[in-house]
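Asks: For reference, this is upload20.txt, and it has compact mmCIF, C-alpha atoms and all ligand atoms.
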# COMPACT_ATOMS: atom_id res chain seq x y z
CA MET A 1 86.38 147.05 89.66
CA ALA A 2 84.17 144.66 87.71
CA THR A 3 85.08 144.25 84.04
CA THR A 4 82.28 144.35 81.46
CA ARG A 5 81.72 141.09 79.59
CA HIS A 6 81.78 141.68 75.85
CA GLU A 7 79.94 139.68 73.26
CA ASN A 8 82.16 137.35 71.20
CA PRO A 9 84.17 139.79 69.02
CA LEU A 10 84.46 137.13 66.31
CA ALA A 11 80.68 136.57 66.08
CA PHE A 12 80.67 138.09 62.59
CA LEU A 13 82.44 134.94 61.36
CA ASP A 14 79.32 132.85 62.06
CA GLU A 15 77.20 135.29 60.08
CA GLU A 16 79.61 135.30 57.15
CA LEU A 17 79.83 131.51 57.14
CA ALA A 18 76.05 131.23 57.21
CA GLU A 19 75.91 133.53 54.19
CA LEU A 20 78.47 131.43 52.30
CA ARG A 21 76.41 128.31 53.04
CA ARG A 22 73.25 130.07 51.93
CA GLN A 23 74.90 130.92 48.59
CA ASN A 24 76.23 127.37 48.20
CA LEU A 25 79.75 128.75 48.28
CA TYR A 26 80.91 127.03 51.46
CA ARG A 27 83.55 124.40 50.74
CA PRO A 28 83.98 121.68 53.34
CA LEU A 29 87.34 119.90 53.34
CA ARG A 30 87.32 116.37 52.03
CA VAL A 31 89.78 114.20 53.95
CA MET A 32 92.04 111.61 52.35
CA SER A 33 93.04 108.64 54.47
CA SER A 34 95.17 106.88 51.85
CA ALA A 35 98.15 107.98 49.77
CA GLN A 36 97.36 110.44 46.97
CA GLY A 37 96.89 108.57 43.71
CA PRO A 38 94.49 107.84 40.86
CA VAL A 39 92.40 105.87 43.36
CA ALA A 40 92.28 107.30 46.86
CA THR A 41 90.23 106.92 50.01
CA VAL A 42 88.39 110.18 50.59
CA ASP A 43 85.91 110.72 53.41
CA GLY A 44 86.09 106.98 53.99
CA ARG A 45 85.23 106.04 50.38
CA GLU A 46 87.46 104.70 47.68
CA VAL A 47 87.11 107.03 44.71
CA ILE A 48 88.90 108.03 41.54
CA SER A 49 90.77 111.23 42.13
CA LEU A 50 90.42 113.56 39.16
CA SER A 51 91.08 116.70 41.19
CA SER A 52 94.69 116.56 42.29
CA ASN A 53 97.64 118.23 40.57
CA ASP A 54 99.60 115.00 40.81
CA TYR A 55 99.87 114.96 37.02
CA LEU A 56 102.40 112.13 36.76
CA GLY A 57 101.63 110.15 39.90
CA LEU A 58 104.92 111.18 41.51
CA THR A 59 103.38 111.81 44.97
CA HIS A 60 103.64 108.06 45.59
CA HIS A 61 106.37 107.06 43.10
CA PRO A 62 108.72 104.44 44.64
CA ARG A 63 111.84 106.41 43.68
CA LEU A 64 110.60 109.54 45.47
CA ARG A 65 109.53 107.58 48.55
CA GLN A 66 112.97 105.98 48.73
CA ALA A 67 114.80 109.29 48.25
CA ALA A 68 112.74 110.83 51.08
CA LEU A 69 113.46 107.89 53.41
CA ASP A 70 117.19 108.00 52.67
CA ALA A 71 117.29 111.75 53.34
CA VAL A 72 115.51 111.37 56.67
CA ARG A 73 118.04 108.74 57.72
CA GLN A 74 121.02 110.84 56.68
CA PHE A 75 119.85 114.38 57.48
CA GLY A 76 116.95 114.06 59.92
CA ALA A 77 113.40 115.36 59.82
CA GLY A 78 113.80 119.12 59.61
CA SER A 79 116.24 121.73 58.32
CA GLY A 80 116.16 123.62 61.60
CA ALA A 81 116.51 127.21 60.37
CA VAL A 82 115.86 129.70 57.61
CA ARG A 83 118.22 129.43 54.65
CA THR A 84 120.21 132.56 55.49
CA ILE A 85 120.99 131.48 59.05
CA ALA A 86 121.71 127.76 59.32
CA GLY A 87 119.07 126.14 57.12
CA THR A 88 120.88 125.74 53.80
CA MET A 89 121.73 122.07 53.37
CA SER A 90 123.76 120.52 50.56
CA LEU A 91 120.50 118.94 49.35
CA HIS A 92 118.92 122.39 48.79
CA GLU A 93 121.84 123.48 46.63
CA GLU A 94 121.95 120.18 44.77
CA LEU A 95 118.27 120.57 43.95
CA GLU A 96 118.83 124.13 42.74
CA ASP A 97 121.73 123.09 40.49
CA GLU A 98 119.65 120.25 39.03
CA LEU A 99 116.69 122.57 38.43
CA ALA A 100 118.89 125.19 36.73
CA ARG A 101 120.27 122.55 34.36
CA PHE A 102 116.73 121.25 33.75
CA LYS A 103 115.30 124.70 33.03
CA GLY A 104 118.36 125.85 31.04
CA THR A 105 118.90 128.94 33.19
CA GLU A 106 121.99 130.31 34.94
CA ALA A 107 120.58 129.79 38.41
CA VAL A 108 117.60 128.74 40.50
CA LEU A 109 116.50 129.58 44.02
CA THR A 110 113.96 127.37 45.79
CA PHE A 111 111.18 128.58 48.07
CA GLN A 112 108.83 126.84 50.51
CA SER A 113 106.02 126.87 47.93
CA GLY A 114 105.08 128.21 44.53
CA PHE A 115 102.95 130.75 46.36
CA THR A 116 105.92 132.11 48.31
CA ALA A 117 108.09 132.08 45.16
CA ASN A 118 105.65 134.54 43.57
CA THR A 119 105.17 136.65 46.69
CA GLY A 120 108.97 136.65 47.13
CA VAL A 121 110.16 137.50 43.66
CA ILE A 122 107.69 140.19 42.56
CA PRO A 123 108.23 142.66 45.44
CA THR A 124 111.98 141.97 45.40
CA ILE A 125 112.52 143.11 41.84
CA THR A 126 109.86 145.80 41.50
CA GLY A 127 109.32 149.09 43.31
CA GLU A 128 107.88 152.57 42.84
CA ALA A 129 109.96 153.29 39.74
CA ASP A 130 108.64 150.22 37.93
CA LEU A 131 105.43 148.97 36.37
CA ILE A 132 103.89 145.50 36.47
CA VAL A 133 101.66 144.46 33.57
CA SER A 134 99.64 141.40 34.50
CA ASP A 135 97.18 139.05 32.75
CA GLY A 136 93.62 139.42 34.09
CA LEU A 137 93.41 135.74 35.07
CA ASN A 138 96.77 135.33 36.79
CA HIS A 139 96.98 133.16 39.89
CA ALA A 140 96.21 134.50 43.38
CA SER A 141 99.89 134.26 44.38
CA ILE A 142 100.87 136.63 41.56
CA ILE A 143 98.11 139.01 42.65
CA ASP A 144 99.36 138.89 46.23
CA GLY A 145 102.95 139.35 45.03
CA MET A 146 101.84 142.52 43.20
CA ARG A 147 100.00 143.73 46.31
CA LEU A 148 103.23 143.40 48.29
CA SER A 149 105.13 145.48 45.74
CA LYS A 150 105.25 149.28 45.69
CA ALA A 151 105.10 149.18 41.89
CA PRO A 152 101.96 150.43 40.14
CA ARG A 153 100.24 147.77 38.06
CA VAL A 154 97.99 147.50 35.05
CA ILE A 155 95.95 144.49 34.06
CA TYR A 156 95.48 143.40 30.43
CA PRO A 157 92.49 141.30 29.35
CA HIS A 158 93.21 137.58 29.58
CA ALA A 159 95.67 136.30 26.95
CA ASP A 160 95.07 139.37 24.74
CA VAL A 161 98.43 140.19 23.14
CA GLY A 162 96.98 143.17 21.24
CA ALA A 163 95.75 144.72 24.48
CA LEU A 164 99.09 143.97 26.14
CA ARG A 165 100.92 145.84 23.35
CA GLU A 166 98.63 148.84 23.86
CA LYS A 167 99.33 148.88 27.62
CA LEU A 168 103.07 148.63 26.97
CA ALA A 169 103.02 151.36 24.32
CA GLU A 170 101.08 153.63 26.66
CA ALA A 171 103.45 152.92 29.56
CA ARG A 172 106.49 153.73 27.42
CA ALA A 173 104.89 156.90 26.06
CA LYS A 174 103.71 158.25 29.41
CA GLY A 175 106.48 156.97 31.70
CA GLY A 176 106.04 156.65 35.44
CA ALA A 177 106.15 159.18 38.30
CA GLU A 178 106.89 162.70 36.98
CA GLY A 179 106.98 161.27 33.46
CA LYS A 180 110.32 159.53 34.03
CA PRO A 181 110.82 156.31 32.08
CA HIS A 182 110.11 153.20 34.16
CA ARG A 183 113.21 151.44 35.49
CA LEU A 184 111.57 148.07 34.77
CA ILE A 185 108.36 147.06 33.07
CA LEU A 186 107.56 143.49 34.09
CA VAL A 187 104.99 141.50 32.13
CA VAL A 188 103.65 138.65 34.26
CA THR A 189 101.62 135.69 33.08
CA ASP A 190 100.74 132.15 34.09
CA GLY A 191 102.24 129.70 31.56
CA VAL A 192 99.17 127.46 31.86
CA PHE A 193 96.12 129.03 33.48
CA SER A 194 95.07 127.01 36.47
CA MET A 195 91.29 127.36 36.14
CA ASP A 196 90.69 127.08 32.39
CA GLY A 197 93.76 125.07 31.38
CA ASP A 198 94.64 127.29 28.42
CA ILE A 199 98.25 128.06 27.50
CA ALA A 200 99.47 131.67 27.55
CA PRO A 201 100.28 133.05 24.08
CA LEU A 202 103.91 133.32 25.13
CA PRO A 203 105.55 133.97 21.72
CA GLY A 204 103.33 137.06 21.23
CA ILE A 205 103.86 138.19 24.82
CA VAL A 206 107.64 137.90 24.47
CA GLU A 207 107.66 139.76 21.15
CA ALA A 208 105.55 142.58 22.57
CA ALA A 209 107.75 142.79 25.66
CA GLU A 210 110.91 142.89 23.55
CA GLU A 211 109.49 145.63 21.35
CA PHE A 212 108.91 147.85 24.39
CA GLY A 213 111.97 146.83 26.42
CA ALA A 214 109.97 144.97 29.08
CA ALA A 215 110.96 141.78 30.93
CA VAL A 216 108.71 138.71 31.01
CA MET A 217 107.95 136.53 34.03
CA VAL A 218 106.11 133.22 33.53
CA ASP A 219 104.53 131.20 36.32
CA ASP A 220 104.84 127.62 35.12
CA ALA A 221 103.14 125.92 38.06
CA HIS A 222 100.90 123.88 35.74
CA ALA A 223 103.35 123.62 32.83
CA SER A 224 106.27 121.99 34.64
CA GLY A 225 106.23 118.25 34.06
CA VAL A 226 103.49 118.76 31.49
CA LEU A 227 104.72 120.98 28.62
CA GLY A 228 108.08 121.05 26.82
CA LYS A 229 110.80 118.40 26.50
CA ASN A 230 110.70 116.16 29.60
CA GLY A 231 108.28 118.65 31.15
CA ARG A 232 110.66 121.62 31.06
CA GLY A 233 107.71 124.00 30.83
CA SER A 234 106.15 126.60 28.57
CA VAL A 235 109.38 128.42 27.68
CA ASP A 236 110.80 125.19 26.30
CA HIS A 237 107.45 124.29 24.68
CA PHE A 238 107.59 127.51 22.61
CA GLY A 239 111.39 127.50 22.08
CA LEU A 240 111.82 130.79 23.95
CA HIS A 241 114.95 129.98 25.96
CA GLY A 242 116.90 133.12 26.83
CA ARG A 243 113.94 135.44 26.12
CA VAL A 244 111.98 135.01 29.36
CA ALA A 245 113.81 136.64 32.28
CA ILE A 246 112.02 134.87 35.12
CA GLN A 247 110.43 131.44 35.30
CA VAL A 248 108.57 130.52 38.47
CA GLY A 249 107.84 126.88 39.08
CA THR A 250 106.27 124.76 41.74
CA LEU A 251 107.51 121.50 43.21
CA SER A 252 104.02 120.76 44.54
CA LYS A 253 102.17 119.72 41.38
CA ALA A 254 103.74 117.44 38.72
CA VAL A 255 106.90 117.17 40.85
CA GLY A 256 104.60 115.66 43.47
CA VAL A 257 106.16 117.03 46.65
CA LEU A 258 106.18 120.61 48.00
CA GLY A 259 107.94 123.85 47.22
CA GLY A 260 108.51 126.43 44.53
CA TYR A 261 111.41 128.01 42.70
CA VAL A 262 112.53 130.98 40.67
CA ALA A 263 114.74 130.29 37.65
CA GLY A 264 116.70 133.05 35.92
CA SER A 265 120.04 134.82 36.08
CA GLN A 266 122.68 134.52 38.77
CA ALA A 267 122.08 138.17 39.70
CA LEU A 268 118.37 137.43 40.19
CA ARG A 269 119.19 134.51 42.51
CA ASP A 270 121.73 136.58 44.43
CA MET A 271 119.25 139.41 44.95
CA LEU A 272 116.45 137.05 46.04
CA ILE A 273 118.77 135.64 48.69
CA GLN A 274 119.33 139.18 50.01
CA ARG A 275 115.76 140.47 49.81
CA ALA A 276 112.98 137.93 49.22
CA ARG A 277 111.08 137.95 52.47
CA PRO A 278 109.61 134.40 52.47
CA PHE A 279 113.13 133.12 51.75
CA LEU A 280 114.67 135.23 54.50
CA PHE A 281 112.08 134.79 57.22
CA SER A 282 110.65 131.28 56.90
CA THR A 283 112.33 127.92 57.51
CA SER A 284 113.62 125.98 54.52
CA ALA A 285 112.27 122.68 53.18
CA PRO A 286 112.95 119.54 55.25
CA PRO A 287 115.63 117.25 53.80
CA ALA A 288 113.08 114.61 52.71
CA VAL A 289 111.24 117.24 50.65
CA ALA A 290 114.38 118.49 48.91
CA ALA A 291 115.59 114.94 48.21
CA ALA A 292 112.24 113.79 46.82
CA CYS A 293 112.06 116.88 44.56
CA LEU A 294 115.56 116.16 43.27
CA GLU A 295 114.55 112.58 42.49
CA ALA A 296 111.41 113.83 40.72
CA ILE A 297 113.48 115.88 38.27
CA ARG A 298 115.52 112.75 37.53
CA VAL A 299 112.27 110.84 36.96
CA PHE A 300 111.18 113.55 34.47
CA LEU A 301 114.42 112.96 32.59
CA GLU A 302 114.53 109.16 32.82
CA GLU A 303 110.84 108.20 32.59
CA PRO A 304 109.40 110.48 29.86
CA GLU A 305 106.75 107.82 29.19
CA LEU A 306 104.89 109.17 32.25
CA ILE A 307 104.39 112.47 30.42
CA ASP A 308 103.37 110.67 27.21
CA ARG A 309 100.76 108.73 29.20
CA LEU A 310 99.46 111.92 30.83
CA TRP A 311 98.86 113.41 27.37
CA ALA A 312 97.29 110.23 25.97
CA ASN A 313 94.91 110.10 28.97
CA THR A 314 94.17 113.82 28.61
CA ARG A 315 93.25 113.53 24.93
CA ARG A 316 91.05 110.52 25.51
CA PHE A 317 89.29 111.93 28.58
CA LYS A 318 88.55 115.27 26.92
CA SER A 319 87.29 113.77 23.68
CA GLU A 320 85.07 111.30 25.52
CA LEU A 321 83.64 114.05 27.75
CA ARG A 322 82.85 116.11 24.65
CA ARG A 323 81.28 113.08 23.00
CA LEU A 324 79.06 112.71 26.08
CA GLY A 325 77.93 116.31 25.58
CA PHE A 326 80.01 118.14 28.19
CA ASP A 327 81.50 121.57 27.58
CA THR A 328 85.19 121.41 28.52
CA GLY A 329 85.93 125.05 27.71
CA VAL A 330 89.16 126.25 26.13
CA SER A 331 91.60 123.95 27.87
CA GLU A 332 94.66 122.84 25.92
CA THR A 333 96.25 120.94 28.81
CA PRO A 334 95.42 118.17 31.30
CA ILE A 335 93.43 120.69 33.38
CA THR A 336 89.92 119.85 32.23
CA PRO A 337 87.20 122.23 33.37
CA VAL A 338 83.66 120.95 32.97
CA MET A 339 81.29 123.89 32.54
CA VAL A 340 77.99 123.11 34.22
CA GLY A 341 76.58 126.60 34.83
CA ASP A 342 76.33 128.37 38.17
CA SER A 343 78.31 127.53 41.27
CA ALA A 344 75.35 125.80 42.96
CA THR A 345 75.01 123.37 40.02
CA ALA A 346 78.77 122.85 39.99
CA GLN A 347 78.67 121.98 43.68
CA ARG A 348 75.75 119.60 43.19
CA PHE A 349 77.43 117.97 40.20
CA SER A 350 80.64 117.48 42.12
CA ASN A 351 78.78 116.06 45.14
CA ARG A 352 76.81 113.62 43.00
CA LEU A 353 79.95 112.50 41.16
CA PHE A 354 81.49 111.87 44.53
CA ASP A 355 78.45 109.82 45.52
CA ALA A 356 78.92 107.85 42.31
CA GLY A 357 82.46 107.19 43.62
CA VAL A 358 84.29 105.24 41.02
CA PHE A 359 87.12 102.95 41.86
CA ALA A 360 88.52 100.61 39.21
CA GLN A 361 89.41 101.02 35.58
CA MET A 362 89.91 104.65 36.18
CA LEU A 363 89.01 106.73 33.16
CA ASP A 364 86.29 104.40 31.90
CA ARG A 365 84.57 104.25 35.25
CA SER A 366 84.82 107.99 35.78
CA LEU A 367 83.45 108.70 32.31
CA THR A 368 80.49 106.45 33.12
CA ALA A 369 79.88 108.45 36.29
CA PHE A 370 80.13 111.76 34.38
CA ASP A 371 77.63 110.42 31.88
CA SER A 372 75.01 109.27 34.37
CA VAL A 373 75.30 112.28 36.69
CA GLY A 374 75.29 114.67 33.70
CA ARG A 375 72.04 113.12 32.42
CA GLU A 376 70.50 113.04 35.88
CA LEU A 377 71.06 116.80 36.31
CA GLY A 378 69.97 117.54 32.72
CA LEU A 379 73.41 118.90 31.79
CA THR A 380 73.93 116.63 28.81
CA THR A 381 71.73 114.86 26.36
CA GLY A 382 74.52 112.38 25.54
C1 LIG B 401 99.52 129.24 38.63
C2 LIG B 401 99.91 128.86 40.03
N1 LIG B 401 100.95 129.48 40.60
C3 LIG B 401 101.35 129.17 41.85
C4 LIG B 401 100.68 128.23 42.60
C5 LIG B 401 101.13 127.94 43.99
O1 LIG B 401 101.94 126.82 44.02
P1 LIG B 401 102.12 126.01 45.38
O2 LIG B 401 100.95 125.10 45.51
O3 LIG B 401 103.42 125.30 45.20
O4 LIG B 401 102.18 127.03 46.47
C6 LIG B 401 99.59 127.57 42.05
C7 LIG B 401 98.88 126.54 42.86
O5 LIG B 401 97.70 126.48 42.94
C8 LIG B 401 99.19 127.89 40.74
O6 LIG B 401 98.12 127.28 40.18
If you convert what's in this file into structure tokens, what do you get?
Replies:
Amino acid sequence: MATTRHENPLAFLDEELAELRRQNLYRPLRVMSSAQGPVATVDGREVISLSSNDYLGLTHHPRLRQAALDAVRQFGAGSGAVRTIAGTMSLHEELEDELARFKGTEAVLTFQSGFTANTGVIPTITGEADLIVSDGLNHASIIDGMRLSKAPRVIYPHADVGALREKLAEARAKGGAEGKPHRLILVVTDGVFSMDGDIAPLPGIVEAAEEFGAAVMVDDAHASGVLGKNGRGSVDHFGLHGRVAIQVGTLSKAVGVLGGYVAGSQALRDMLIQRARPFLFSTSAPPAVAAACLEAIRVFLEEPELIDRLWANTRRFKSELRRLGFDTGVSETPITPVMVGDSATAQRFSNRLFDAGVFAQMLDRSLTAFDSVGRELGLTTG
């Protein structure tokens, strides 16, 4: 019997892509053919890279390269299994011990990425009897972590401690299912917000949480290596050690490699090992990754001048951009948004800056490019 030929069942993808292109929302991938760094070769051109999260230049730091090479020689290229079967190497545990000391917590568990740390921890510790209270601008991985949890959630307006208190007061007054008190109320916030670069008002968040018996979880992806002593993060920056139950971090940004972690109590680590699905069902980091991350933490401790330089560059770059007439929003950190209006203008601005590809005397040359492209598109009067 002849089978009927069907049209391509994925044809809708072409239509949706065409629509994205029409709205100027389609993002092609730019391809780097050099190491990551302040100057990189992208799409065949040498340009200044202002877009990476390689805050301290550790992606190509000689000590990390060497640690990775040594680990490959000693342990091979891959870990060969998930952590709970045969994929826990001494290097993974060494890294976790070093991170726990660094963060000042009882224990740490590493994950394959910051994304999987969030999607692992949130559904592990929350369920139907709990409530998650989340900042309106939290990262996508927190949102996905909440989606994977059976816990109901409420969103408070971005960084608004007053509104957070109201949500917490209401949750305590009403309770959860059948009016029973929630087992856990978890307040979740980014430490540094990845789009706008502002710092969460953590002291107020912690006070509000303590008043209503809630626990706080901070995602310090953009604060590690940037805020606090030797880059210990936002909890250290605000002197809140012992008052934030869960700190999530990434090893993929200032640390310069790949991975994520959850820092907190020993019981939290033990439970994540039993239940966190990305930990249980996905292979652990290769030895070179774990070894390079371990070396990065030592660099944080032994080369604090890298963090000082990051902040000096940040201050200078922001003040010069403002002097040129750019609006850099509410950022308080090295993340420097440049507000240029709608997404089509932003795309055009970014493309033209790329065309003006700057490669030497980094910040000065990039500021010159910002200046000329800003004038050309009528965004600044400078
Ligand atoms: C706030 C925040 N959390 C988590 C992540 C995910 O980290 P990773 O890149 O290690 O998966 C990111 C990365 O974009 C982030 O900005």
Asks: Would you compute the distance between atom CA of Pro152 of chain A and atom CA of Ala169 of chain A? Give it in Å to one decimal.
Replies: 15.9 Å
Asks: Neighbours of ligand LIG 401 (chain B) within 10 Å, counting all atoms listed in the file, as a PDB file with C-alpha atoms, keeping the file's coordinate frame?
Replies:
ATOM      1  CA  ASN A  53      97.640 118.230  40.570  1.00  0.00           C
ATOM      2  CA  PHE A 111     111.180 128.580  48.070  1.00  0.00           C
ATOM      3  CA  GLN A 112     108.830 126.840  50.510  1.00  0.00           C
ATOM      4  CA  SER A 113     106.020 126.870  47.930  1.00  0.00           C
ATOM      5  CA  GLY A 114     105.080 128.210  44.530  1.00  0.00           C
ATOM      6  CA  PHE A 115     102.950 130.750  46.360  1.00  0.00           C
ATOM      7  CA  THR A 116     105.920 132.110  48.310  1.00  0.00           C
ATOM      8  CA  ALA A 117     108.090 132.080  45.160  1.00  0.00           C
ATOM      9  CA  ASN A 118     105.650 134.540  43.570  1.00  0.00           C
ATOM     10  CA  THR A 119     105.170 136.650  46.690  1.00  0.00           C
ATOM     11  CA  LEU A 137      93.410 135.740  35.070  1.00  0.00           C
ATOM     12  CA  ASN A 138      96.770 135.330  36.790  1.00  0.00           C
ATOM     13  CA  HIS A 139      96.980 133.160  39.890  1.00  0.00           C
ATOM     14  CA  ALA A 140      96.210 134.500  43.380  1.00  0.00           C
ATOM     15  CA  SER A 141      99.890 134.260  44.380  1.00  0.00           C
ATOM     16  CA  ILE A 142     100.870 136.630  41.560  1.00  0.00           C
ATOM     17  CA  THR A 189     101.620 135.690  33.080  1.00  0.00           C
ATOM     18  CA  ASP A 190     100.740 132.150  34.090  1.00  0.00           C
ATOM     19  CA  GLY A 191     102.240 129.700  31.560  1.00  0.00           C
ATOM     20  CA  VAL A 192      99.170 127.460  31.860  1.00  0.00           C
ATOM     21  CA  PHE A 193      96.120 129.030  33.480  1.00  0.00           C
ATOM     22  CA  SER A 194      95.070 127.010  36.470  1.00  0.00           C
ATOM     23  CA  MET A 195      91.290 127.360  36.140  1.00  0.00           C
ATOM     24  CA  VAL A 218     106.110 133.220  33.530  1.00  0.00           C
ATOM     25  CA  ASP A 219     104.530 131.200  36.320  1.00  0.00           C
ATOM     26  CA  ASP A 220     104.840 127.620  35.120  1.00  0.00           C
ATOM     27  CA  ALA A 221     103.140 125.920  38.060  1.00  0.00           C
ATOM     28  CA  HIS A 222     100.900 123.880  35.740  1.00  0.00           C
ATOM     29  CA  ALA A 223     103.350 123.620  32.830  1.00  0.00           C
ATOM     30  CA  VAL A 248     108.570 130.520  38.470  1.00  0.00           C
ATOM     31  CA  GLY A 249     107.840 126.880  39.080  1.00  0.00           C
ATOM     32  CA  THR A 250     106.270 124.760  41.740  1.00  0.00           C
ATOM     33  CA  LEU A 251     107.510 121.500  43.210  1.00  0.00           C
ATOM     34  CA  SER A 252     104.020 120.760  44.540  1.00  0.00           C
ATOM     35  CA  LYS A 253     102.170 119.720  41.380  1.00  0.00           C
ATOM     36  CA  VAL A 255     106.900 117.170  40.850  1.00  0.00           C
ATOM     37  CA  GLY A 256     104.600 115.660  43.470  1.00  0.00           C
ATOM     38  CA  VAL A 257     106.160 117.030  46.650  1.00  0.00           C
ATOM     39  CA  LEU A 258     106.180 120.610  48.000  1.00  0.00           C
ATOM     40  CA  GLY A 259     107.940 123.850  47.220  1.00  0.00           C
ATOM     41  CA  GLY A 260     108.510 126.430  44.530  1.00  0.00           C
ATOM     42  CA  TYR A 261     111.410 128.010  42.700  1.00  0.00           C
TER      43      TYR A 261
END
Asks: Find the spatial neighbours of Ala291 of chain A, counting only C-alpha atoms, within a cut-off of 8 Å - ignore same-chain residues fewer than 6 positions away - and output them as a PDB file with C-alpha atoms, in the coordinates of the input.
Replies:
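Dumped to result05.pdb:
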ATOM      1  CA  LEU A  64     110.600 109.540  45.470  1.00  0.00           C
ATOM      2  CA  ALA A  67     114.800 109.290  48.250  1.00  0.00           C
ATOM      3  CA  ALA A  68     112.740 110.830  51.080  1.00  0.00           C
ATOM      4  CA  ALA A  71     117.290 111.750  53.340  1.00  0.00           C
ATOM      5  CA  LEU A  91     120.500 118.940  49.350  1.00  0.00           C
ATOM      6  CA  LEU A  95     118.270 120.570  43.950  1.00  0.00           C
TER       7      LEU A  95
END
Asks: Give me, please, the distance in Å between atom CA of Arg322 of chain A and atom CA of Thr380 of chain A, quoted to one decimal.
Replies: 9.9 Å
Asks: Just how far from atom CA of Thr333 of chain A is atom CA of Asp308 of chain A, in Å to one decimal?
Replies: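 Interatomic distance here is 12.6 Å.
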Asks: Need to verify the contact set: Met339 of chain A, 9 Å, all atoms listed in the file, exclusion of same-chain residues closer than 5 positions in sequence. Can you return it as a PDB file with C-alpha atoms, keeping the file's coordinate frame?
Replies:
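Below you can see selection_31.pdb, which holds the result:
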ATOM      1  CA  PHE A 326      80.010 118.140  28.190  1.00  0.00           C
ATOM      2  CA  ASP A 327      81.500 121.570  27.580  1.00  0.00           C
ATOM      3  CA  THR A 328      85.190 121.410  28.520  1.00  0.00           C
ATOM      4  CA  GLY A 329      85.930 125.050  27.710  1.00  0.00           C
ATOM      5  CA  ALA A 346      78.770 122.850  39.990  1.00  0.00           C
TER       6      ALA A 346
END
Asks: From the list A:Asp54, A:Glu178, A:Glu96, A:Asp144, which residue is nearest Leu310 of chain A when using only C-alpha atoms?
Replies: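 Closest to Leu310 of chain A of all the choices is A:Asp54.
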Asks: Give me segment 129-133 of chain A with all heavy atoms filled in, as a PDB file, keeping the file's coordinate frame.
Replies:
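Listing of selection38.pdb after writing:
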ATOM      1  N   ALA A 129     109.501 152.785  41.043  1.00  0.00           N
ATOM      2  CA  ALA A 129     109.960 153.290  39.740  1.00  0.00           C
ATOM      3  C   ALA A 129     109.578 152.349  38.593  1.00  0.00           C
ATOM      4  O   ALA A 129     109.905 152.625  37.435  1.00  0.00           O
ATOM      5  CB  ALA A 129     111.473 153.461  39.776  1.00  0.00           C
ATOM      6  N   ASP A 130     108.901 151.250  38.930  1.00  0.00           N
ATOM      7  CA  ASP A 130     108.640 150.220  37.930  1.00  0.00           C
ATOM      8  C   ASP A 130     107.146 150.112  37.603  1.00  0.00           C
ATOM      9  O   ASP A 130     106.325 150.810  38.198  1.00  0.00           O
ATOM     10  CB  ASP A 130     109.156 148.871  38.452  1.00  0.00           C
ATOM     11  CG  ASP A 130     110.598 148.972  38.915  1.00  0.00           C
ATOM     12  OD1 ASP A 130     111.397 149.544  38.163  1.00  0.00           O
ATOM     13  OD2 ASP A 130     110.910 148.515  40.035  1.00  0.00           O
ATOM     14  N   LEU A 131     106.834 149.217  36.702  1.00  0.00           N
ATOM     15  CA  LEU A 131     105.430 148.970  36.370  1.00  0.00           C
ATOM     16  C   LEU A 131     105.265 147.468  36.145  1.00  0.00           C
ATOM     17  O   LEU A 131     106.095 146.841  35.479  1.00  0.00           O
ATOM     18  CB  LEU A 131     105.055 149.709  35.076  1.00  0.00           C
ATOM     19  CG  LEU A 131     103.614 149.486  34.604  1.00  0.00           C
ATOM     20  CD1 LEU A 131     102.624 150.215  35.520  1.00  0.00           C
ATOM     21  CD2 LEU A 131     103.428 149.960  33.154  1.00  0.00           C
ATOM     22  N   ILE A 132     104.190 146.910  36.721  1.00  0.00           N
ATOM     23  CA  ILE A 132     103.890 145.500  36.470  1.00  0.00           C
ATOM     24  C   ILE A 132     102.670 145.428  35.553  1.00  0.00           C
ATOM     25  O   ILE A 132     101.661 146.100  35.812  1.00  0.00           O
ATOM     26  CB  ILE A 132     103.583 144.738  37.782  1.00  0.00           C
ATOM     27  CG1 ILE A 132     104.708 144.953  38.800  1.00  0.00           C
ATOM     28  CG2 ILE A 132     103.394 143.250  37.511  1.00  0.00           C
ATOM     29  CD1 ILE A 132     104.396 144.409  40.188  1.00  0.00           C
ATOM     30  N   VAL A 133     102.773 144.635  34.512  1.00  0.00           N
ATOM     31  CA  VAL A 133     101.660 144.460  33.570  1.00  0.00           C
ATOM     32  C   VAL A 133     101.244 142.993  33.659  1.00  0.00           C
ATOM     33  O   VAL A 133     102.031 142.098  33.340  1.00  0.00           O
ATOM     34  CB  VAL A 133     102.085 144.843  32.140  1.00  0.00           C
ATOM     35  CG1 VAL A 133     100.888 144.813  31.210  1.00  0.00           C
ATOM     36  CG2 VAL A 133     102.733 146.227  32.122  1.00  0.00           C
TER      37      VAL A 133
END
